[in-house]
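This is run-v1.txt. It holds compact mmCIF, C-alpha atoms and all ligand atoms.
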# COMPACT_ATOMS: atom_id res chain seq x y z
CA MET A 1 56.06 108.10 118.16
CA TYR A 2 54.78 107.74 121.73
CA LYS A 3 53.68 110.95 123.44
CA GLN A 4 54.13 109.56 126.94
CA ILE A 5 55.95 106.55 128.36
CA GLY A 6 56.18 105.10 131.87
CA VAL A 7 59.19 103.82 133.80
CA LEU A 8 59.25 101.58 136.87
CA THR A 9 61.76 99.67 139.01
CA GLY A 10 61.02 96.19 140.39
CA GLY A 11 62.69 93.55 142.56
CA GLY A 12 65.58 94.19 144.95
CA ASP A 13 67.29 97.54 144.44
CA ALA A 14 70.74 97.77 142.84
CA PRO A 15 73.23 100.62 142.58
CA GLY A 16 72.66 102.31 139.22
CA LEU A 17 68.83 102.29 139.09
CA ASN A 18 68.73 106.09 139.32
CA ALA A 19 71.36 106.38 136.58
CA VAL A 20 69.01 104.44 134.28
CA ILE A 21 65.96 106.53 135.25
CA ARG A 22 67.90 109.75 134.59
CA ALA A 23 69.07 108.56 131.17
CA VAL A 24 65.54 107.40 130.25
CA VAL A 25 64.09 110.80 131.12
CA ARG A 26 66.82 112.84 129.40
CA THR A 27 66.70 110.75 126.22
CA ALA A 28 62.90 110.55 126.02
CA VAL A 29 62.37 114.27 126.65
CA ASN A 30 65.37 115.83 124.91
CA GLU A 31 65.78 113.47 122.00
CA TYR A 32 62.22 112.33 121.24
CA GLY A 33 59.98 114.98 122.83
CA MET A 34 58.15 112.35 124.92
CA LYS A 35 56.81 112.85 128.44
CA VAL A 36 57.86 110.40 131.15
CA ILE A 37 55.76 109.19 134.07
CA GLY A 38 57.53 107.43 136.94
CA ILE A 39 55.46 104.58 138.42
CA GLU A 40 56.07 104.08 142.13
CA ASP A 41 56.65 100.80 143.95
CA SER A 42 57.10 98.63 140.87
CA PHE A 43 53.96 97.33 139.08
CA GLU A 44 51.99 97.86 142.31
CA GLY A 45 51.89 101.60 141.48
CA ILE A 46 49.51 100.97 138.58
CA LEU A 47 46.97 99.06 140.64
CA GLY A 48 44.08 100.53 142.65
CA GLU A 49 44.75 104.17 143.43
CA THR A 50 47.70 104.62 141.10
CA ARG A 51 50.92 106.17 142.39
CA THR A 52 52.82 108.06 139.72
CA VAL A 53 55.04 111.09 139.37
CA GLN A 54 55.88 113.21 136.33
CA LEU A 55 59.62 113.01 135.63
CA THR A 56 61.47 115.85 133.89
CA PRO A 57 65.17 116.45 133.24
CA LYS A 58 65.00 118.94 136.12
CA SER A 59 63.36 116.52 138.56
CA VAL A 60 65.99 113.83 137.87
CA SER A 61 68.88 116.25 138.14
CA GLY A 62 71.46 115.11 140.71
CA ILE A 63 70.24 111.52 141.05
CA LEU A 64 73.06 109.86 139.05
CA PRO A 65 75.28 109.02 142.06
CA LYS A 66 72.40 108.19 144.40
CA GLY A 67 71.82 104.63 145.62
CA GLY A 68 68.40 102.95 145.72
CA THR A 69 65.62 104.06 143.40
CA ILE A 70 63.71 107.33 143.53
CA LEU A 71 60.61 105.38 142.41
CA GLY A 72 60.64 102.76 145.18
CA THR A 73 60.50 99.04 144.52
CA ARG A 74 58.76 95.85 145.67
CA ASN A 75 60.14 92.33 145.73
CA ARG A 76 57.10 90.10 145.65
CA GLY A 77 53.95 91.76 144.35
CA SER A 78 50.48 90.77 143.18
CA PHE A 79 51.34 89.99 139.56
CA VAL A 80 52.86 86.57 139.96
CA LYS A 81 51.94 83.55 142.07
CA ILE A 82 54.17 80.53 142.43
CA VAL A 83 52.13 77.35 141.97
CA ASP A 84 54.05 74.07 142.46
CA GLY A 85 57.30 75.96 141.92
CA VAL A 86 56.13 77.48 138.61
CA PRO A 87 55.31 81.20 138.14
CA VAL A 88 51.70 81.85 137.14
CA PHE A 89 50.47 85.29 136.03
CA PRO A 90 46.83 85.81 137.05
CA GLU A 91 44.80 87.79 134.48
CA MET A 92 43.18 90.17 136.96
CA PRO A 93 46.02 92.48 138.06
CA ILE A 94 47.34 92.70 134.49
CA SER A 95 43.99 93.75 133.00
CA GLU A 96 43.54 96.27 135.82
CA ALA A 97 47.06 97.63 135.19
CA LEU A 98 46.43 97.90 131.43
CA ALA A 99 43.19 99.81 132.05
CA ASN A 100 45.00 102.16 134.44
CA LEU A 101 47.85 102.73 131.99
CA ASP A 102 45.21 103.74 129.45
CA ILE A 103 43.61 106.20 131.91
CA LEU A 104 47.05 107.64 132.75
CA GLY A 105 47.84 108.09 129.04
CA ILE A 106 50.95 105.89 129.28
CA GLU A 107 51.51 104.27 125.88
CA ALA A 108 54.63 102.18 126.57
CA LEU A 109 56.72 101.03 129.54
CA ILE A 110 60.39 100.75 130.41
CA VAL A 111 60.80 98.17 133.14
CA LEU A 112 63.99 97.92 135.21
CA GLY A 113 64.29 94.59 136.95
CA GLY A 114 65.70 91.11 137.33
CA GLU A 115 64.30 87.81 136.16
CA GLY A 116 61.00 88.01 138.11
CA THR A 117 60.17 91.60 137.15
CA LEU A 118 61.08 91.05 133.49
CA ALA A 119 58.86 87.96 133.35
CA ILE A 120 55.94 90.21 134.41
CA ALA A 121 56.97 92.82 131.82
CA GLU A 122 56.79 90.13 129.15
CA GLN A 123 53.13 89.51 130.03
CA PHE A 124 52.32 93.12 129.11
CA ASP A 125 54.03 92.68 125.74
CA LYS A 126 52.07 89.46 125.15
CA ARG A 127 48.87 91.48 125.57
CA GLY A 128 50.04 94.01 122.97
CA PHE A 129 51.36 96.69 125.34
CA PRO A 130 54.84 97.93 124.28
CA VAL A 131 57.55 97.15 126.83
CA ILE A 132 61.35 97.30 126.93
CA GLY A 133 63.21 95.70 129.84
CA VAL A 134 66.45 96.84 131.47
CA PRO A 135 68.46 94.11 133.24
CA LYS A 136 69.12 94.85 136.89
CA THR A 137 70.61 92.62 139.56
CA ILE A 138 73.73 92.74 141.67
CA ASP A 139 73.87 88.96 141.22
CA ASN A 140 74.69 89.21 137.47
CA ASP A 141 72.71 86.02 136.92
CA LEU A 142 70.53 87.15 134.00
CA ALA A 143 71.07 85.25 130.79
CA ALA A 144 71.57 87.08 127.47
CA THR A 145 73.57 89.92 129.00
CA GLU A 146 77.21 89.68 130.01
CA LEU A 147 76.69 92.24 132.75
CA THR A 148 73.90 93.79 134.79
CA PHE A 149 74.38 97.13 136.50
CA GLY A 150 74.92 96.94 140.25
CA PHE A 151 77.18 93.90 139.96
CA MET A 152 80.48 95.79 139.65
CA THR A 153 79.60 97.98 142.65
CA ALA A 154 78.73 94.88 144.69
CA ILE A 155 82.11 93.35 143.80
CA ASP A 156 83.91 96.53 144.87
CA ILE A 157 82.17 96.43 148.24
CA ALA A 158 82.79 92.70 148.77
CA THR A 159 86.45 93.15 147.74
CA GLU A 160 86.94 95.95 150.23
CA ALA A 161 85.34 93.79 152.93
CA LEU A 162 87.76 90.94 152.08
CA ASP A 163 90.74 93.32 152.23
CA ARG A 164 89.66 94.46 155.66
CA LEU A 165 89.04 90.91 156.89
CA HIS A 166 92.45 89.89 155.57
CA THR A 167 94.42 92.11 157.96
CA THR A 168 92.42 91.12 161.02
CA ALA A 169 92.55 87.41 160.06
CA ALA A 170 96.34 87.62 159.67
CA SER A 171 96.80 89.45 162.98
CA HIS A 172 94.80 86.86 164.93
CA ASP A 173 95.69 83.71 162.96
CA ARG A 174 92.01 83.11 162.38
CA VAL A 175 89.79 81.71 159.69
CA MET A 176 87.55 84.50 158.37
CA ILE A 177 84.42 83.82 156.37
CA LEU A 178 82.63 86.44 154.29
CA GLU A 179 79.10 85.48 153.19
CA VAL A 180 78.07 87.41 150.08
CA MET A 181 74.86 87.62 148.05
CA GLY A 182 74.21 85.82 144.83
CA ARG A 183 70.90 84.05 144.69
CA HIS A 184 71.73 80.57 143.35
CA THR A 185 74.88 81.76 141.53
CA GLY A 186 78.45 82.47 142.59
CA TRP A 187 79.36 85.48 140.43
CA ILE A 188 79.90 87.93 143.30
CA ALA A 189 81.81 85.37 145.39
CA LEU A 190 84.04 84.38 142.46
CA HIS A 191 84.90 87.91 141.30
CA ALA A 192 85.36 89.35 144.79
CA GLY A 193 87.26 86.24 145.87
CA LEU A 194 89.73 86.76 143.03
CA ALA A 195 90.00 90.51 143.55
CA GLY A 196 90.18 90.23 147.35
CA SER A 197 92.62 87.32 147.47
CA ALA A 198 90.43 84.71 149.12
CA ASP A 199 91.99 81.31 149.81
CA ILE A 200 88.74 79.37 149.44
CA ILE A 201 85.67 80.33 147.37
CA LEU A 202 82.44 78.42 147.92
CA ILE A 203 79.82 78.82 145.18
CA PRO A 204 76.50 77.09 144.43
CA GLU A 205 77.81 75.74 141.13
CA ILE A 206 80.55 73.69 142.87
CA PRO A 207 79.21 71.81 145.93
CA PHE A 208 81.89 71.74 148.64
CA SER A 209 83.16 69.13 151.07
CA PHE A 210 84.51 69.91 154.53
CA ASP A 211 87.39 67.48 153.90
CA SER A 212 88.51 69.84 151.15
CA VAL A 213 87.96 73.00 153.19
CA ILE A 214 89.98 71.62 156.09
CA LYS A 215 92.71 70.31 153.79
CA LYS A 216 93.24 73.82 152.44
CA VAL A 217 93.28 75.41 155.90
CA LYS A 218 95.85 72.84 157.09
CA GLU A 219 97.95 73.17 153.94
CA ARG A 220 98.21 76.89 154.55
CA GLU A 221 99.22 76.31 158.18
CA ALA A 222 101.90 73.87 157.04
CA ASN A 223 103.21 76.52 154.63
CA GLY A 224 103.42 79.15 157.37
CA SER A 225 100.13 81.03 156.73
CA ARG A 226 98.21 80.56 159.93
CA PHE A 227 95.10 82.36 158.69
CA THR A 228 92.62 81.59 155.92
CA ASN A 229 90.11 83.82 154.14
CA ILE A 230 86.96 82.23 152.78
CA VAL A 231 84.26 83.85 150.68
CA VAL A 232 80.99 81.97 150.50
CA ALA A 233 77.98 82.71 148.29
CA GLU A 234 74.70 82.66 150.21
CA GLY A 235 73.46 79.81 147.98
CA ALA A 236 76.55 77.59 148.33
CA LYS A 237 75.83 74.01 149.34
CA GLU A 238 77.71 71.11 150.81
CA VAL A 239 77.87 67.98 148.65
CA GLY A 240 74.56 66.16 149.20
CA GLY A 241 73.10 69.18 151.02
CA GLY A 242 70.73 71.94 149.97
CA GLU A 243 70.62 75.74 150.01
CA MET A 244 70.12 77.32 153.43
CA TYR A 245 67.30 79.76 154.15
CA LEU A 246 66.64 82.20 156.96
CA ASP A 247 62.86 81.71 156.86
CA ALA A 248 60.50 78.75 156.80
CA LYS A 249 58.95 79.84 153.48
CA HIS A 250 62.36 79.64 151.80
CA THR A 251 62.33 83.15 150.40
CA ARG A 252 65.46 84.50 152.14
CA LEU A 253 68.73 82.70 151.51
CA GLY A 254 71.40 82.83 154.20
CA GLY A 255 73.08 81.04 157.06
CA VAL A 256 75.66 78.99 155.14
CA GLY A 257 78.54 81.23 156.32
CA ASP A 258 77.79 80.56 159.96
CA TYR A 259 77.31 76.84 159.26
CA VAL A 260 80.78 76.70 157.66
CA ARG A 261 82.20 78.66 160.61
CA ARG A 262 80.84 76.19 163.18
CA LYS A 263 82.09 73.18 161.26
CA ILE A 264 85.60 74.61 160.78
CA GLU A 265 85.88 75.41 164.50
CA GLU A 266 84.68 71.92 165.34
CA LEU A 267 87.05 70.19 162.90
CA THR A 268 90.19 72.33 163.35
CA GLU A 269 89.78 74.02 166.75
CA LYS A 270 90.90 77.20 164.99
CA GLU A 271 89.18 80.43 165.95
CA THR A 272 86.79 81.23 163.11
CA ARG A 273 84.57 84.25 162.49
CA CYS A 274 81.82 84.89 159.95
CA VAL A 275 80.67 88.23 158.53
CA VAL A 276 77.47 88.47 156.49
CA LEU A 277 77.84 91.37 154.07
CA GLY A 278 74.13 91.40 153.18
CA HIS A 279 72.48 94.58 151.92
CA LEU A 280 75.67 96.65 152.17
CA GLN A 281 76.26 95.14 148.72
CA ARG A 282 73.09 96.72 147.38
CA GLY A 283 72.88 100.07 149.12
CA GLY A 284 74.70 103.30 148.38
CA SER A 285 76.27 104.96 145.40
CA PRO A 286 77.01 103.06 142.16
CA ASN A 287 80.63 102.94 141.02
CA ALA A 288 81.71 104.65 137.79
CA PHE A 289 81.17 101.54 135.67
CA ASP A 290 77.60 101.00 136.88
CA ARG A 291 76.75 104.67 136.31
CA MET A 292 78.06 104.35 132.78
CA LEU A 293 76.31 101.01 132.10
CA GLY A 294 73.03 102.23 133.63
CA THR A 295 73.15 105.41 131.55
CA SER A 296 73.81 103.45 128.35
CA PHE A 297 71.01 100.98 129.15
CA GLY A 298 68.54 103.82 129.86
CA ALA A 299 69.26 105.73 126.64
CA CYS A 300 69.23 102.55 124.51
CA ALA A 301 65.94 101.38 126.07
CA VAL A 302 64.20 104.61 124.98
CA ARG A 303 65.77 104.35 121.53
CA ALA A 304 64.49 100.77 121.20
CA LEU A 305 60.94 101.84 122.13
CA ALA A 306 61.12 104.79 119.72
CA GLU A 307 62.21 102.43 116.95
CA GLY A 308 59.12 100.29 117.55
CA GLU A 309 60.69 97.40 119.47
CA SER A 310 58.78 95.62 122.24
CA GLY A 311 59.16 92.49 124.37
CA LYS A 312 62.91 93.07 124.27
CA MET A 313 65.56 93.71 126.90
CA VAL A 314 68.63 95.86 126.42
CA ALA A 315 71.74 93.75 126.98
CA PHE A 316 75.50 94.19 127.21
CA GLN A 317 77.27 91.90 124.75
CA ALA A 318 80.83 92.18 123.48
CA SER A 319 81.18 95.73 124.88
CA THR A 320 78.11 97.08 123.11
CA ILE A 321 74.42 97.42 123.94
CA VAL A 322 72.03 95.25 121.93
CA THR A 323 68.39 94.18 122.35
CA VAL A 324 67.36 90.56 122.95
CA PRO A 325 63.93 88.97 123.50
CA ILE A 326 62.95 89.15 127.19
CA SER A 327 62.08 85.44 126.93
CA GLU A 328 65.76 84.68 126.26
CA ALA A 329 66.82 86.56 129.37
CA VAL A 330 64.36 84.92 131.74
CA ALA A 331 64.43 81.36 130.40
CA ASN A 332 67.46 80.24 132.44
CA LEU A 333 69.73 81.62 135.12
CA LYS A 334 73.25 82.46 134.00
CA THR A 335 75.42 80.36 136.28
CA VAL A 336 79.20 80.34 136.68
CA PRO A 337 80.69 77.93 134.12
CA ILE A 338 82.61 75.50 136.31
CA ASP A 339 85.17 74.85 133.57
CA GLY A 340 85.32 78.52 132.60
CA GLN A 341 88.37 80.73 132.45
CA LEU A 342 87.79 82.50 135.77
CA VAL A 343 87.41 79.30 137.77
CA ARG A 344 90.50 77.93 136.02
CA THR A 345 92.46 81.11 136.80
CA ALA A 346 91.44 80.94 140.44
CA ARG A 347 92.61 77.32 140.65
CA ASP A 348 95.85 78.17 138.82
CA ILE A 349 96.75 80.72 141.48
CA GLY A 350 95.98 78.31 144.31
CA ILE A 351 92.42 79.23 145.29
CA SER A 352 90.37 76.22 146.39
CA PHE A 353 86.67 75.70 145.60
CA ALA A 354 86.69 72.85 148.12
CA SER A 355 85.13 70.36 145.74
CA PRO A 356 85.46 66.74 146.94
CA ALA A 357 87.96 66.06 144.11
CA GLU A 358 90.26 68.73 145.56
CA SER A 359 90.62 66.83 148.83
CA ASP A 360 92.29 63.96 146.92
CA MET A 361 94.77 66.16 145.06
O1 LIG B 401 68.55 89.19 143.87
C1 LIG B 401 69.40 90.03 144.55
C2 LIG B 401 69.57 89.65 145.96
O2 LIG B 401 70.52 90.54 146.36
C3 LIG B 401 69.95 88.19 146.28
O3 LIG B 401 71.29 87.90 146.15
C4 LIG B 401 69.47 88.04 147.70
O4 LIG B 401 69.22 86.71 148.03
C5 LIG B 401 68.23 88.84 147.68
O5 LIG B 401 68.42 89.87 146.73
C6 LIG B 401 67.82 89.40 149.00
O6 LIG B 401 66.77 90.29 148.78
P1 LIG B 401 65.77 90.86 149.87
O7 LIG B 401 66.46 90.90 151.18
O8 LIG B 401 65.43 92.21 149.35
O9 LIG B 401 64.61 89.92 149.86
Would you give me this structure, written as structure tokens?
Ligand code: F6P
Amino acid sequence: MYKQIGVLTGGGDAPGLNAVIRAVVRTAVNEYGMKVIGIEDSFEGILGETRTVQLTPKSVSGILPKGGTILGTRNRGSFVKIVDGVPVFPEMPISEALANLDILGIEALIVLGGEGTLAIAEQFDKRGFPVIGVPKTIDNDLAATELTFGFMTAIDIATEALDRLHTTAASHDRVMILEVMGRHTGWIALHAGLAGSADIILIPEIPFSFDSVIKKVKEREANGSRFTNIVVAEGAKEVGGGEMYLDAKHTRLGGVGDYVRRKIEELTEKETRCVVLGHLQRGGSPNAFDRMLGTSFGACAVRALAEGESGKMVAFQASTIVTVPISEAVANLKTVPIDGQLVRTARDIGISFASPAESDM
């Protein structure tokens, strides 16, 4: 049995990170008599002058409903370089980190993160250092788990935003566009669009055409609804077009909502407004479901380590928590199945995805 384990949070924050940390500490200390060291600022905290903090059930008391992460996080650190679009893991920071973990007396790690962070965690396992991953992303795009914590909270926030936009759109007879997060996948847009009664949902998995968008807006006008609500995922693309970025290095997605707004105004002369929901989807308190999922993930991650597992990620499958190889989770993004039940349901109730085929229907 390990005497002392470490825990760290990497990548963008997500509501529920603190719920996981709390469950890790309580389970490790109370159930297995281990000590827990919190590593600050993701893997960066075990490089150079290490930044760590001893975590006890007392020190994590009260953090369950808190947003963010008490350990801090980093998005793009020193452990991975992208060469010709492929992630490469240089040996140097990993050997330095392993040496520092040895000095700190940390015998195993629990790593909370999305695809990028978990791919780094896997490198530690490959070098014989025990690691268990915990899937985190509001985007819900990690394979091998049906849900990641943070996603349900993000949907709640996006749904409330849509509800609020609905009343102002209806009062002014406007087209309202809500741009939501979801790096390369449309999970947030699809779920919030259904829950918040959007008329058009634009997602990366179904490239859209303006003919289709305009057809839907006009159809609604003809039927007496002089307003239209659109939810667009930040990675949505027009047929033949690409994803839009806010920076030249193509690290920050965004801008598609305003692009759609300008085109709709140009093509319909209807007043159109765009709201970018941005980090409001990531900040603040987790909802009840994410607290519960984060707590279950945290406890199960410690249990997996204690039972000698490594190189695995805890995952939510068929309403229970299982462990799966990290490699399975990071191999491919989990995208929205375009012939899946949710897309079908949306279409059945009259929501348009503005695919070119829909303009001919
Ligand atoms: O991966 C989660 C996510 O919320 C993406 O949807 C979004 O593109 C990205 O993070 C933005 O992250 P940041 O602003 O922290 O770079």
Compile the contact shell of Asp125 (chain A) as an MDAnalysis selection string: residues with an atom at most 12 Å away, counting only C-alpha atoms, same-chain residues fewer than 2 positions apart removed. chainID A and resid 94 98 107:111 118:123 127:133 309:313 325:327
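Proximity ranking of A:Arg291, A:Lys334, A:Lys215, A:Lys136 relative to ligand LIG 401 (chain B) places A:Lys136 first, based on all atoms listed in the file.
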The residue from A:Val180, A:Val276, A:Ile338, A:Leu333 with the smallest atom-to-atom distance to ligand LIG 401 (chain B), counting only C-alpha atoms and all ligand atoms, is A:Val180
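The space between CA of Ser209 (chain A) and CA of Asp339 (chain A) spans 18.5 Å.
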With a distance cut-off of 10 Å and all atoms listed in the file, select the neighbouring residues of Arg22 (chain A), excluding the residue or stretch itself and same-chain residues fewer than 6 positions from it, and output the selection as a VMD selection string. chain A and resid 16 28 55 to 64 294 to 295 298 to 299
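When all atoms listed in the file are used to compute distances to ligand LIG 401 (chain B), the closest of the residues A:Glu91, A:Glu179, A:Glu160, A:Asp173 turns out to be A:Glu179.
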Please produce, as CSV, a per-residue contact table for chain A versus ligand LIG 401 (chain B) (criterion: any atom at most 7 Å away, only C-alpha atoms and all ligand atoms considered), showing the nearest atom pair and its distance in Å to one decimal, sorted by chain then residue number.
residue,atom,partner,partner_atom,distance
A:Gly12,CA,B:LIG401,O8,4.8
A:Asn75,CA,B:LIG401,O8,6.4
A:Thr137,CA,B:LIG401,C1,5.8
A:Ile138,CA,B:LIG401,C1,5.9
A:Asp139,CA,B:LIG401,O3,5.7
A:Met181,CA,B:LIG401,O3,4.1
A:Gly182,CA,B:LIG401,O3,3.8
A:Arg183,CA,B:LIG401,O3,4.1
A:Arg252,CA,B:LIG401,O9,5.9
A:Leu253,CA,B:LIG401,O4,5.3
A:Arg282,CA,B:LIG401,O2,6.8
Go ahead and compute the interatomic distance for CA of Val24 (chain A) and CA of Leu293 (chain A), in Å to one decimal. 12.7 Å
List the spatial neighbours of Val232 (chain A) as a list in words - criterion: any atom at most 8 Å away, only C-alpha atoms, same-chain residues fewer than 4 positions off excluded. Ile177, Leu178, Glu179, Val180, Ala189, Ile201, Leu202, Ile203, Ala236, Val256 and Gly257 of chain A
Quick one: residues within 8 Å of Pro204 (chain A), only C-alpha atoms, excluding same-chain residues fewer than 3 positions away - as a PyMOL selection string? chain A and resi 184-186+207+233+235-237
For the point (89.7, 69.7, 154.5) in the file's frame, write as a PyMOL selection string all residues with an atom no more than 12 Å away, counting all atoms listed in the file. chain A and resi 200+208-220+260+263-264+267-268+352-361
Taking (70.5, 84.4, 128.2) in the file's coordinates as the center, which residues reach within 7 Å of it, counting only C-alpha atoms, put as a PyMOL selection string? chain A and resi 142-145+328-329+332+334
Residues of the last selection are to be written out with C-alpha atoms, as a PDB file, keeping the file's coordinate frame.
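Contents of the output file result_13.pdb:
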ATOM      1  CA  LEU A 142      70.530  87.150 134.000  1.00  0.00           C
ATOM      2  CA  ALA A 143      71.070  85.250 130.790  1.00  0.00           C
ATOM      3  CA  ALA A 144      71.570  87.080 127.470  1.00  0.00           C
ATOM      4  CA  THR A 145      73.570  89.920 129.000  1.00  0.00           C
ATOM      5  CA  GLU A 328      65.760  84.680 126.260  1.00  0.00           C
ATOM      6  CA  ALA A 329      66.820  86.560 129.370  1.00  0.00           C
ATOM      7  CA  ASN A 332      67.460  80.240 132.440  1.00  0.00           C
ATOM      8  CA  LYS A 334      73.250  82.460 134.000  1.00  0.00           C
TER       9      LYS A 334
END
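Taking CA of Gly77 (chain A) and CA of Asn100 (chain A) as endpoints, the distance between them is 16.9 Å.
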Of the residues A:Arg347, A:His166, A:Arg262, A:Arg26, which is the one nearest to Leu194 (chain A), using all atoms listed in the file? A:Arg347
